[in-house]
Amino acid sequence: MQHDVLAYLVQIISGMPFDQFLAQRIFNPLKMKDTGFYVPGDKLSRFASEYGLDEKGGIKKIDDPRSSVYAKPVSWLSGGGGLLSTAQDYMRFAQMILNGGQLEGARILSPKTLQLMMTNHIPGTLAPFPDKYPMPDWNLRGYGFGLGFAVMMDLAKADILGSEGMCYFAGGNNVFVFVDPREELVSMVWTQFEPFCYYPLNKQFQVLAYQSLVESYKKR
């Protein structure tokens, strides 16, 4: 809910609708040409179907691009979710984060602003998070939270490969993005599947990504 309040404040302060602000200040400068709150008709042929569980535990289509609610403009421009994008666009956004707030000459955030965002802001009595998820593979133990990102604080407590100071964020349909400044690494995994957290895909992908590294930038 707090992100929706922020989106409303952005509209008031900027004097423009939230989607226009995002396009003008973020998407266009970063050349994210396929990101928005709905998929226009001329791009529906590239819009992936969404899948979920059927009654027998198998997979079934739960959202078809041709009849999707995302195939027409929406009235609620949420600050907490609802954007549709492509892996290429999202990679450009994540690379901007890794680069300290800029990409190919387009400056979106100052380095110090981004540093503040990627720093834990939860008090020591609450972070790192304990294990509160019903399934251990989906816990956030070892993480704190910054301004928009989960931030790795304690690798031993997290019990997973990674770097302290790395951050990650998740999207609908089980999209996960990891940004690790120490290793100069961006890694992403995308699915078109709900419910969220049904499979431990983010943890498995994170381990595989870090296992594939044969040289560390930590010494720099």
# chains A, B, ... in the order shown; residues from 1 in each chain; ligands from 1

$ closest_atom_pairs --of "stretch 22-65 of chain A" --to "stretch 182-205 of chain A" --cutoff "6 Å" --atoms "only C-alpha atoms" --output "Markdown table"
| residue | atom | partner | partner_atom | distance |
| --- | --- | --- | --- | --- |
| A:Glu50 | CA | A:Gln192 | CA | 4.8 |
| A:Tyr51 | CA | A:Phe193 | CA | 4.7 |
| A:Gly52 | CA | A:Glu194 | CA | 5.0 |

$ select_by_dssp --residues "stretch 35-189 of chain A" --states "helix (DSSP H, G or I)" --output "ChimeraX atom specification"
/A:41-46,69-71,87-98,111-117,136-138,155-158

$ residues_around --residues "A:Pro40" --least-positions-apart "3" --cutoff "12 Å" --atoms "only C-alpha atoms" --output "list in words"
Lys33, Asp34, Thr35, Gly36, Phe37, Lys43, Leu44, Ser45, Arg46, Phe47, Pro65, Arg66, Ser68, Val69, Tyr70, Ala71, Lys72, Pro73, Val74, Leu84 and Ser85 of chain A

$ closest_residue --among "A:His121, A:Lys61, A:His3, A:Lys157" --to "A:Gly144" --atoms "only C-alpha atoms"
A:His121

$ select_by_dssp --residues "stretch 4-217 of chain A" --states "strand (DSSP E or B)" --output "ChimeraX atom specification"
/A:36,50-53,59-63,84,102-103,106-107,143-145,150-152,167-171,175-180,185-189,193

$ closest_residue --among "A:Ala7, A:Ile108, A:Leu126, A:Ala94" --to "A:Gln24" --atoms "only C-alpha atoms"
A:Ile108

$ residues_around --residues "A:Ala158" --least-positions-apart "6" --cutoff "8 Å" --atoms "only C-alpha atoms" --output "PyMOL selection string"
chain A and resi 140-143

$ closest_residue --among "A:Leu9, A:Ile59, A:Leu83, A:Met16" --to "A:Tyr38" --atoms "only C-alpha atoms"
A:Leu83

$ atom_distance --atom1 "atom CA of A:Gly105" --atom2 "atom CA of A:Gly165"
25.1 Å

$ closest_residue --among "A:Ile62, A:Val151, A:Leu208, A:Leu77" --to "A:Phe21" --atoms "only C-alpha atoms"
A:Leu77

$ atom_distance --atom1 "atom CA of A:Glu55" --atom2 "atom CA of A:Phe176"
26.4 Å

$ closest_residue --among "A:Ser78, A:Thr119, A:Ser163, A:Phe27" --to "A:Val10" --atoms "only C-alpha atoms"
A:Ser78
